[in-house]
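Undergrad: Once you've had a glance at the structure underneath, I'll fire off some questions.
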Amino acid sequence: MRARIIVTPKKAVLDPQGKTVQNALEHMGYSGITAVHVGKYLEIELSGTDKEAARRQLDAAAHKFLSNPVIEDYRLEIE
Amino acid sequence: MNFAVVQFPASNCDQDAIHAVRVLGHSARYVWHKDNALGVADAVIVPGGFSYGDYLRCGAIARFSPVMQAVKQFAENGGLVLGICNGFQVLTEAGLLPGALVRNRDLEFHCEHIHLKTLAADTPFTNRIPAGKLLRIPIAHGEGCYFADDETLALLKAGNRILWQYCDANGEPTDASNPNGSLLSIAGICNESRNVAGLMPHPERASEPVLGSADGRLIFESLIYAMQHPQAAKAA
């Protein structure tokens, strides 16, 4: 199994990196971009086949360690 | 007094912290990150650096090291803990202090002397700082922008737990004197029980006149005073 965890800054947190990337895109002539948020992407490989058990385990890990709930949101996908 | 200075892989202000304590005539020793116990310690310093390479998030991995479980226990028993720079980041990640430190608003690493205003004198970290005295102390960080939600900020304010703010030479916490975009110009805070504090600036790098400023010494002297006069510190 493979899991993907996408960590993004919370909307209330200043994201200067996202803003800088957005400005650069505008400079390059890409139009219609209203916001950019720069986060992290983790790809996790797992043994076993129980998706629900893996989800429970990774959800706990993402909350406790892989993201910081004070400043970040995360999305977990398992396939 | 005995200071324990925690050493993580890639701590780099640990020696400075030890030196700052020793020049004041007190003892300090390292405690390795894999150690489960602190040994004999009156206070703990979690020093600056880039613990575990700052991988994932600053302080995120250090927080789960064996020594941090001992530091947590020490803090829960009322022991004095000071986190400096990366140490502040580690303490927020560990949940010993609220909020988080994120990328500086201009995305640049700031290495410069700043002015600090002390807002609360009734703590073990500030009791020796004369009223109205601005501290001239260096900062050196890329991720020192203090963030907390509105509710937490209100609690910090109401509890008189914002210990230091960035300010200009007149003591005004202006936007221009805020080096990293910290909310409320917060440079350092303490926990509710006032025995755990963290700050982004480096008092250990400003503890002797030869370093250009000895203002940081006041923070170490405050800690020492608090330990030598536990009752006075409580009454203050």
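Note on naming: chains are A, B, ... as they come in the structure tokens, residues start from 1 per chain, ligands start from 1 in the order shown.
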Counting only C-alpha atoms, which residues in chain A sit no more than 10 Å from chain B? For each one, give the nearest pair of atoms and the distance in Å, sorted by chain then residue number, as a tab-separated table.
TA:
residue	atom	partner	partner_atom	distance
A:Pro9	CA	B:Val102	CA	9.9
A:Ala12	CA	B:Asp149	CA	8.1
A:Val13	CA	B:Phe147	CA	7.2
A:Leu14	CA	B:Arg105	CA	7.3
A:Asp15	CA	B:Arg105	CA	7.7
A:Pro16	CA	B:Arg105	CA	5.6
A:Gln17	CA	B:Leu107	CA	7.0
A:Thr20	CA	B:Leu107	CA	9.0
A:Lys40	CA	B:Leu56	CA	8.7
A:Leu42	CA	B:Leu56	CA	9.9
A:Lys64	CA	B:Ala60	CA	9.7
A:Phe65	CA	B:Ala60	CA	6.8
A:Leu66	CA	B:Leu56	CA	7.3
A:Ser67	CA	B:Arg57	CA	8.4
A:Asn68	CA	B:Glu93	CA	7.7
A:Pro69	CA	B:Ala100	CA	9.7
A:Val70	CA	B:Gly99	CA	6.4
A:Ile71	CA	B:Ala100	CA	7.0
Undergrad: Could you write those residues out with N, CA and C atoms, as a CSV table (one decimal), in the first residue's frame?
TA:
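So the final result, stored in result07.csv, reads:
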chain,number,residue,atom,x,y,z
A,9,PRO,N,-0.2,25.0,4.7
A,9,PRO,CA,-0.4,26.0,5.8
A,9,PRO,C,-1.8,26.4,6.0
A,12,ALA,N,-5.1,31.0,8.1
A,12,ALA,CA,-4.8,32.1,9.0
A,12,ALA,C,-3.3,32.4,9.1
A,13,VAL,N,-2.5,31.5,8.7
A,13,VAL,CA,-1.1,31.6,8.9
A,13,VAL,C,-0.5,32.3,7.6
A,14,LEU,N,0.4,33.3,7.9
A,14,LEU,CA,1.0,34.0,6.8
A,14,LEU,C,1.9,33.0,6.0
A,15,ASP,N,1.7,33.0,4.7
A,15,ASP,CA,2.4,32.1,3.9
A,15,ASP,C,3.3,32.9,2.8
A,16,PRO,N,4.4,33.5,3.3
A,16,PRO,CA,5.2,34.3,2.4
A,16,PRO,C,5.7,33.5,1.2
A,17,GLN,N,6.0,32.2,1.4
A,17,GLN,CA,6.5,31.4,0.3
A,17,GLN,C,5.5,31.3,-0.8
A,20,THR,N,5.2,34.6,-2.6
A,20,THR,CA,6.3,34.9,-3.5
A,20,THR,C,6.2,34.1,-4.8
A,40,LYS,N,3.8,20.6,2.0
A,40,LYS,CA,4.7,19.5,2.0
A,40,LYS,C,3.9,18.3,1.5
A,42,LEU,N,4.2,14.1,1.5
A,42,LEU,CA,4.9,12.9,2.0
A,42,LEU,C,4.3,11.6,1.3
A,64,LYS,N,-0.1,14.0,15.2
A,64,LYS,CA,0.8,14.1,16.3
A,64,LYS,C,2.2,14.6,15.8
A,65,PHE,N,2.6,14.2,14.6
A,65,PHE,CA,4.0,14.4,14.2
A,65,PHE,C,4.2,15.0,12.8
A,66,LEU,N,3.5,14.4,11.8
A,66,LEU,CA,3.8,14.8,10.5
A,66,LEU,C,3.3,16.2,10.1
A,67,SER,N,2.3,16.7,10.8
A,67,SER,CA,1.9,18.1,10.7
A,67,SER,C,1.8,18.7,12.0
A,68,ASN,N,1.8,20.0,12.1
A,68,ASN,CA,1.6,20.8,13.3
A,68,ASN,C,0.2,21.4,13.3
A,69,PRO,N,-0.7,20.9,14.0
A,69,PRO,CA,-2.1,21.4,13.9
A,69,PRO,C,-2.3,22.9,14.2
A,70,VAL,N,-1.3,23.5,14.9
A,70,VAL,CA,-1.3,24.9,15.2
A,70,VAL,C,-1.2,25.7,13.9
A,71,ILE,N,-0.5,25.3,12.9
A,71,ILE,CA,-0.2,26.1,11.7
A,71,ILE,C,-0.5,25.4,10.4
Undergrad: For B:Ile18, find every residue with an atom within 9 Å (counting only C-alpha atoms), except residues of its own chain fewer than 4 positions away, and show them as a VMD selection string.
TA: chain B and resid 3 to 5 13 to 14 22 to 23 27 to 30 204
Undergrad: If you count only C-alpha atoms, which residues fall within 7 Å of A:Ile5, apart from same-chain ones fewer than 6 positions away, as a tab-separated table (two decimals) with N, CA and C atoms, in the first residue's frame?
TA:
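Saved result, out.tsv, follows:
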chain	number	residue	atom	x	y	z
A	41	TYR	N	4.64	17.37	0.83
A	41	TYR	CA	4.03	16.15	0.33
A	41	TYR	C	4.84	14.96	0.83
A	42	LEU	N	4.21	14.05	1.51
A	42	LEU	CA	4.91	12.87	2.00
A	42	LEU	C	4.31	11.63	1.35
A	43	GLU	N	5.17	10.76	0.84
A	43	GLU	CA	4.71	9.51	0.27
A	43	GLU	C	5.19	8.41	1.19
A	74	TYR	N	-3.80	18.90	7.05
A	74	TYR	CA	-3.28	17.82	6.21
A	74	TYR	C	-4.41	17.04	5.59
A	75	ARG	N	-4.07	16.37	4.49
A	75	ARG	CA	-5.02	15.48	3.82
A	75	ARG	C	-4.32	14.15	3.63
A	76	LEU	N	-5.03	13.09	3.93
A	76	LEU	CA	-4.43	11.75	3.86
A	76	LEU	C	-5.14	10.92	2.80
A	77	GLU	N	-4.35	10.33	1.91
A	77	GLU	CA	-4.92	9.45	0.87
A	77	GLU	C	-4.21	8.11	0.92
Undergrad: So, counting only C-alpha atoms, which residue among A:Glu72, A:Ile78, A:Thr34, A:Arg4 is closest to A:Asp50?
TA: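 Selected residue with least distance to A:Asp50: A:Ile78.
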Undergrad: Residues near B:Trp164, anyone? I mean within 6 Å using only C-alpha atoms, not counting same-chain ones fewer than 5 positions away, as a PyMOL selection string.
TA: chain B and resi 117-119+187-188
Undergrad: I'd like to know which of B:Ala70, B:Pro201, B:Pro9, B:Ala43 is closest to B:Val21, using only C-alpha atoms.
TA: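 Of B:Ala70, B:Pro201, B:Pro9, B:Ala43, the one nearest B:Val21, counting only C-alpha atoms, is B:Ala43.
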Undergrad: How many Å lie between atom CA of B:Val31 and atom CA of B:Gln228, rounded to one decimal?
TA: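 If I compute the distance from atom CA of B:Val31 to atom CA of B:Gln228, I get 22.6 Å.
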Undergrad: Using DSSP on the backbone coordinates, identify all residues within chain A classified as helix (DSSP H, G or I); present the result as number ranges by chain.
TA: A: 16-27, 51-66
Undergrad: Please provide the set of residues having any atom within 10 Å of B:Ile137, restricted to only C-alpha atoms, with same-chain residues fewer than 3 positions apart removed, written as number ranges by chain.
TA: B: 112-116, 134, 201-207, 212-216
Undergrad: DSSP on the backbone, strand (DSSP E) only: what residues of stretch 6-130 of chain B does that give? Format it as a list in words.
TA: Val6, Gln7, Ser27, Ala28, Arg29, Tyr30, Val31, Trp32, Ala43, Val44, Ile45, Val46, Leu80, Val81, Leu82, Gly83, Ile84, Ala100, Leu101, Val102, His110, Cys111, Glu112, His113, Ile114, His115, Leu116, Lys117 and Thr118 of chain B
Undergrad: Grab the residues selected above and save them as a PDB file, in the first residue's frame with N, CA and C atoms.
TA:
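Wrote it out as selection_33.pdb, contents follow:
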ATOM      1  N   VAL B   6      20.744  20.911  27.012  1.00  0.00           N
ATOM      2  CA  VAL B   6      20.416  19.773  26.156  1.00  0.00           C
ATOM      3  C   VAL B   6      21.200  19.862  24.846  1.00  0.00           C
ATOM      4  N   GLN B   7      21.698  18.726  24.393  1.00  0.00           N
ATOM      5  CA  GLN B   7      22.459  18.660  23.148  1.00  0.00           C
ATOM      6  C   GLN B   7      21.785  17.707  22.169  1.00  0.00           C
ATOM      7  N   SER B  27      27.570  26.291  37.527  1.00  0.00           N
ATOM      8  CA  SER B  27      27.997  25.146  36.729  1.00  0.00           C
ATOM      9  C   SER B  27      26.949  24.779  35.690  1.00  0.00           C
ATOM     10  N   ALA B  28      27.477  24.279  34.582  1.00  0.00           N
ATOM     11  CA  ALA B  28      26.616  23.865  33.476  1.00  0.00           C
ATOM     12  C   ALA B  28      27.239  22.659  32.821  1.00  0.00           C
ATOM     13  N   ARG B  29      26.403  21.743  32.388  1.00  0.00           N
ATOM     14  CA  ARG B  29      26.914  20.558  31.683  1.00  0.00           C
ATOM     15  C   ARG B  29      25.922  20.141  30.615  1.00  0.00           C
ATOM     16  N   TYR B  30      26.426  19.355  29.661  1.00  0.00           N
ATOM     17  CA  TYR B  30      25.595  18.904  28.555  1.00  0.00           C
ATOM     18  C   TYR B  30      24.762  17.696  28.962  1.00  0.00           C
ATOM     19  N   VAL B  31      23.584  17.600  28.384  1.00  0.00           N
ATOM     20  CA  VAL B  31      22.802  16.367  28.506  1.00  0.00           C
ATOM     21  C   VAL B  31      22.491  15.912  27.085  1.00  0.00           C
ATOM     22  N   TRP B  32      22.906  14.723  26.757  1.00  0.00           N
ATOM     23  CA  TRP B  32      22.785  14.193  25.396  1.00  0.00           C
ATOM     24  C   TRP B  32      21.327  13.843  25.070  1.00  0.00           C
ATOM     25  N   ALA B  43      18.087  23.922  36.590  1.00  0.00           N
ATOM     26  CA  ALA B  43      17.408  24.537  35.446  1.00  0.00           C
ATOM     27  C   ALA B  43      17.895  23.866  34.175  1.00  0.00           C
ATOM     28  N   VAL B  44      17.051  23.924  33.150  1.00  0.00           N
ATOM     29  CA  VAL B  44      17.397  23.311  31.866  1.00  0.00           C
ATOM     30  C   VAL B  44      17.390  24.390  30.793  1.00  0.00           C
ATOM     31  N   ILE B  45      18.415  24.359  29.937  1.00  0.00           N
ATOM     32  CA  ILE B  45      18.411  25.241  28.768  1.00  0.00           C
ATOM     33  C   ILE B  45      18.311  24.362  27.526  1.00  0.00           C
ATOM     34  N   VAL B  46      17.325  24.667  26.690  1.00  0.00           N
ATOM     35  CA  VAL B  46      17.235  24.002  25.390  1.00  0.00           C
ATOM     36  C   VAL B  46      17.810  25.018  24.397  1.00  0.00           C
ATOM     37  N   LEU B  80      12.704  24.938  36.131  1.00  0.00           N
ATOM     38  CA  LEU B  80      12.833  26.064  35.203  1.00  0.00           C
ATOM     39  C   LEU B  80      13.441  25.594  33.891  1.00  0.00           C
ATOM     40  N   VAL B  81      12.764  25.931  32.802  1.00  0.00           N
ATOM     41  CA  VAL B  81      13.231  25.537  31.468  1.00  0.00           C
ATOM     42  C   VAL B  81      13.233  26.772  30.574  1.00  0.00           C
ATOM     43  N   LEU B  82      14.388  27.034  29.945  1.00  0.00           N
ATOM     44  CA  LEU B  82      14.487  28.158  29.005  1.00  0.00           C
ATOM     45  C   LEU B  82      14.862  27.619  27.629  1.00  0.00           C
ATOM     46  N   GLY B  83      14.052  27.936  26.636  1.00  0.00           N
ATOM     47  CA  GLY B  83      14.339  27.542  25.259  1.00  0.00           C
ATOM     48  C   GLY B  83      14.787  28.762  24.474  1.00  0.00           C
ATOM     49  N   ILE B  84      15.946  28.642  23.838  1.00  0.00           N
ATOM     50  CA  ILE B  84      16.495  29.762  23.080  1.00  0.00           C
ATOM     51  C   ILE B  84      16.482  29.400  21.601  1.00  0.00           C
ATOM     52  N   ALA B 100       3.422  28.605  17.532  1.00  0.00           N
ATOM     53  CA  ALA B 100       4.423  27.984  16.658  1.00  0.00           C
ATOM     54  C   ALA B 100       5.277  29.085  16.049  1.00  0.00           C
ATOM     55  N   LEU B 101       6.468  28.692  15.579  1.00  0.00           N
ATOM     56  CA  LEU B 101       7.360  29.631  14.894  1.00  0.00           C
ATOM     57  C   LEU B 101       7.404  29.247  13.424  1.00  0.00           C
ATOM     58  N   VAL B 102       7.053  30.189  12.552  1.00  0.00           N
ATOM     59  CA  VAL B 102       7.022  29.897  11.121  1.00  0.00           C
ATOM     60  C   VAL B 102       8.026  30.778  10.380  1.00  0.00           C
ATOM     61  N   HIS B 110      17.550  36.204   9.314  1.00  0.00           N
ATOM     62  CA  HIS B 110      17.973  37.460   9.938  1.00  0.00           C
ATOM     63  C   HIS B 110      19.043  37.203  10.985  1.00  0.00           C
ATOM     64  N   CYS B 111      20.165  37.870  10.806  1.00  0.00           N
ATOM     65  CA  CYS B 111      21.269  37.742  11.748  1.00  0.00           C
ATOM     66  C   CYS B 111      21.698  39.165  12.090  1.00  0.00           C
ATOM     67  N   GLU B 112      21.210  39.683  13.199  1.00  0.00           N
ATOM     68  CA  GLU B 112      21.446  41.087  13.531  1.00  0.00           C
ATOM     69  C   GLU B 112      21.112  41.329  15.006  1.00  0.00           C
ATOM     70  N   HIS B 113      21.551  42.462  15.511  1.00  0.00           N
ATOM     71  CA  HIS B 113      21.163  42.847  16.867  1.00  0.00           C
ATOM     72  C   HIS B 113      19.812  43.554  16.798  1.00  0.00           C
ATOM     73  N   ILE B 114      18.940  43.247  17.739  1.00  0.00           N
ATOM     74  CA  ILE B 114      17.640  43.899  17.794  1.00  0.00           C
ATOM     75  C   ILE B 114      17.434  44.461  19.212  1.00  0.00           C
ATOM     76  N   HIS B 115      16.367  45.210  19.385  1.00  0.00           N
ATOM     77  CA  HIS B 115      16.016  45.684  20.717  1.00  0.00           C
ATOM     78  C   HIS B 115      14.852  44.860  21.245  1.00  0.00           C
ATOM     79  N   LEU B 116      14.927  44.571  22.519  1.00  0.00           N
ATOM     80  CA  LEU B 116      13.850  43.813  23.157  1.00  0.00           C
ATOM     81  C   LEU B 116      13.301  44.605  24.328  1.00  0.00           C
ATOM     82  N   LYS B 117      11.990  44.574  24.414  1.00  0.00           N
ATOM     83  CA  LYS B 117      11.310  45.224  25.520  1.00  0.00           C
ATOM     84  C   LYS B 117      10.767  44.118  26.421  1.00  0.00           C
ATOM     85  N   THR B 118      10.970  44.234  27.728  1.00  0.00           N
ATOM     86  CA  THR B 118      10.480  43.219  28.657  1.00  0.00           C
ATOM     87  C   THR B 118       9.120  43.660  29.193  1.00  0.00           C
TER      88      THR B 118
END
Undergrad: Could you work out how far atom CA of B:Pro209 lies from atom CA of B:Ile129, giving the answer in Å with one decimal?
TA: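 For atom CA of B:Ile129 relative to atom CA of B:Pro209, the distance reads 16.7 Å.
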Undergrad: Nearest to A:Gly48: which of A:Ala62, A:Leu25, A:Lys11, A:Glu79 is it, counting only C-alpha atoms?
TA: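 Of A:Ala62, A:Leu25, A:Lys11, A:Glu79, the one nearest A:Gly48, counting only C-alpha atoms, is A:Glu79.
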Undergrad: Atom CA of B:Tyr146 and atom CA of B:Phe109, how far apart in Å?
TA: 14.7 Å
Undergrad: Which residues are near B:Asn86? Cut-off 8 Å, only C-alpha atoms, ignore same chain within fewer than 4 positions. Put them as a PyMOL selection string.
TA: chain B and resi 46-51+58-59+90+200
Undergrad: Only N, CA and C atoms, please: the residues just picked out, written as a PDB file, in the first residue's frame.
TA:
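Output below, filename again.pdb:
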ATOM      1  N   VAL B  46      17.325  24.667  26.690  1.00  0.00           N
ATOM      2  CA  VAL B  46      17.235  24.002  25.390  1.00  0.00           C
ATOM      3  C   VAL B  46      17.810  25.018  24.397  1.00  0.00           C
ATOM      4  N   PRO B  47      19.014  24.733  23.875  1.00  0.00           N
ATOM      5  CA  PRO B  47      19.752  25.763  23.144  1.00  0.00           C
ATOM      6  C   PRO B  47      19.346  25.888  21.678  1.00  0.00           C
ATOM      7  N   GLY B  48      19.975  26.869  21.037  1.00  0.00           N
ATOM      8  CA  GLY B  48      19.714  27.116  19.622  1.00  0.00           C
ATOM      9  C   GLY B  48      20.470  26.158  18.732  1.00  0.00           C
ATOM     10  N   GLY B  49      20.120  26.211  17.464  1.00  0.00           N
ATOM     11  CA  GLY B  49      20.769  25.348  16.485  1.00  0.00           C
ATOM     12  C   GLY B  49      19.767  24.898  15.444  1.00  0.00           C
ATOM     13  N   PHE B  50      20.018  23.725  14.916  1.00  0.00           N
ATOM     14  CA  PHE B  50      19.155  23.174  13.862  1.00  0.00           C
ATOM     15  C   PHE B  50      18.927  21.704  14.181  1.00  0.00           C
ATOM     16  N   SER B  51      18.349  21.442  15.361  1.00  0.00           N
ATOM     17  CA  SER B  51      18.235  20.066  15.828  1.00  0.00           C
ATOM     18  C   SER B  51      17.677  19.148  14.745  1.00  0.00           C
ATOM     19  N   CYS B  58      11.012  22.739  12.201  1.00  0.00           N
ATOM     20  CA  CYS B  58      11.980  23.035  13.256  1.00  0.00           C
ATOM     21  C   CYS B  58      11.469  22.474  14.584  1.00  0.00           C
ATOM     22  N   GLY B  59      12.242  21.620  15.201  1.00  0.00           N
ATOM     23  CA  GLY B  59      11.879  21.117  16.527  1.00  0.00           C
ATOM     24  C   GLY B  59      10.967  19.901  16.504  1.00  0.00           C
ATOM     25  N   VAL B  90      11.499  24.005  19.712  1.00  0.00           N
ATOM     26  CA  VAL B  90      11.324  22.661  20.268  1.00  0.00           C
ATOM     27  C   VAL B  90      10.251  22.681  21.363  1.00  0.00           C
ATOM     28  N   MET B 200      13.206  33.811  20.782  1.00  0.00           N
ATOM     29  CA  MET B 200      14.008  33.637  19.572  1.00  0.00           C
ATOM     30  C   MET B 200      15.372  34.308  19.678  1.00  0.00           C
TER      31      MET B 200
END
Undergrad: For A:Thr49, list every protein, DNA or RNA residue within 12 Å, evaluated using only C-alpha atoms, and leave out those in the same chain fewer than 3 positions away; present the list as a PyMOL selection string.
TA: chain A and resi 1-3+45-46+52-55+78-79
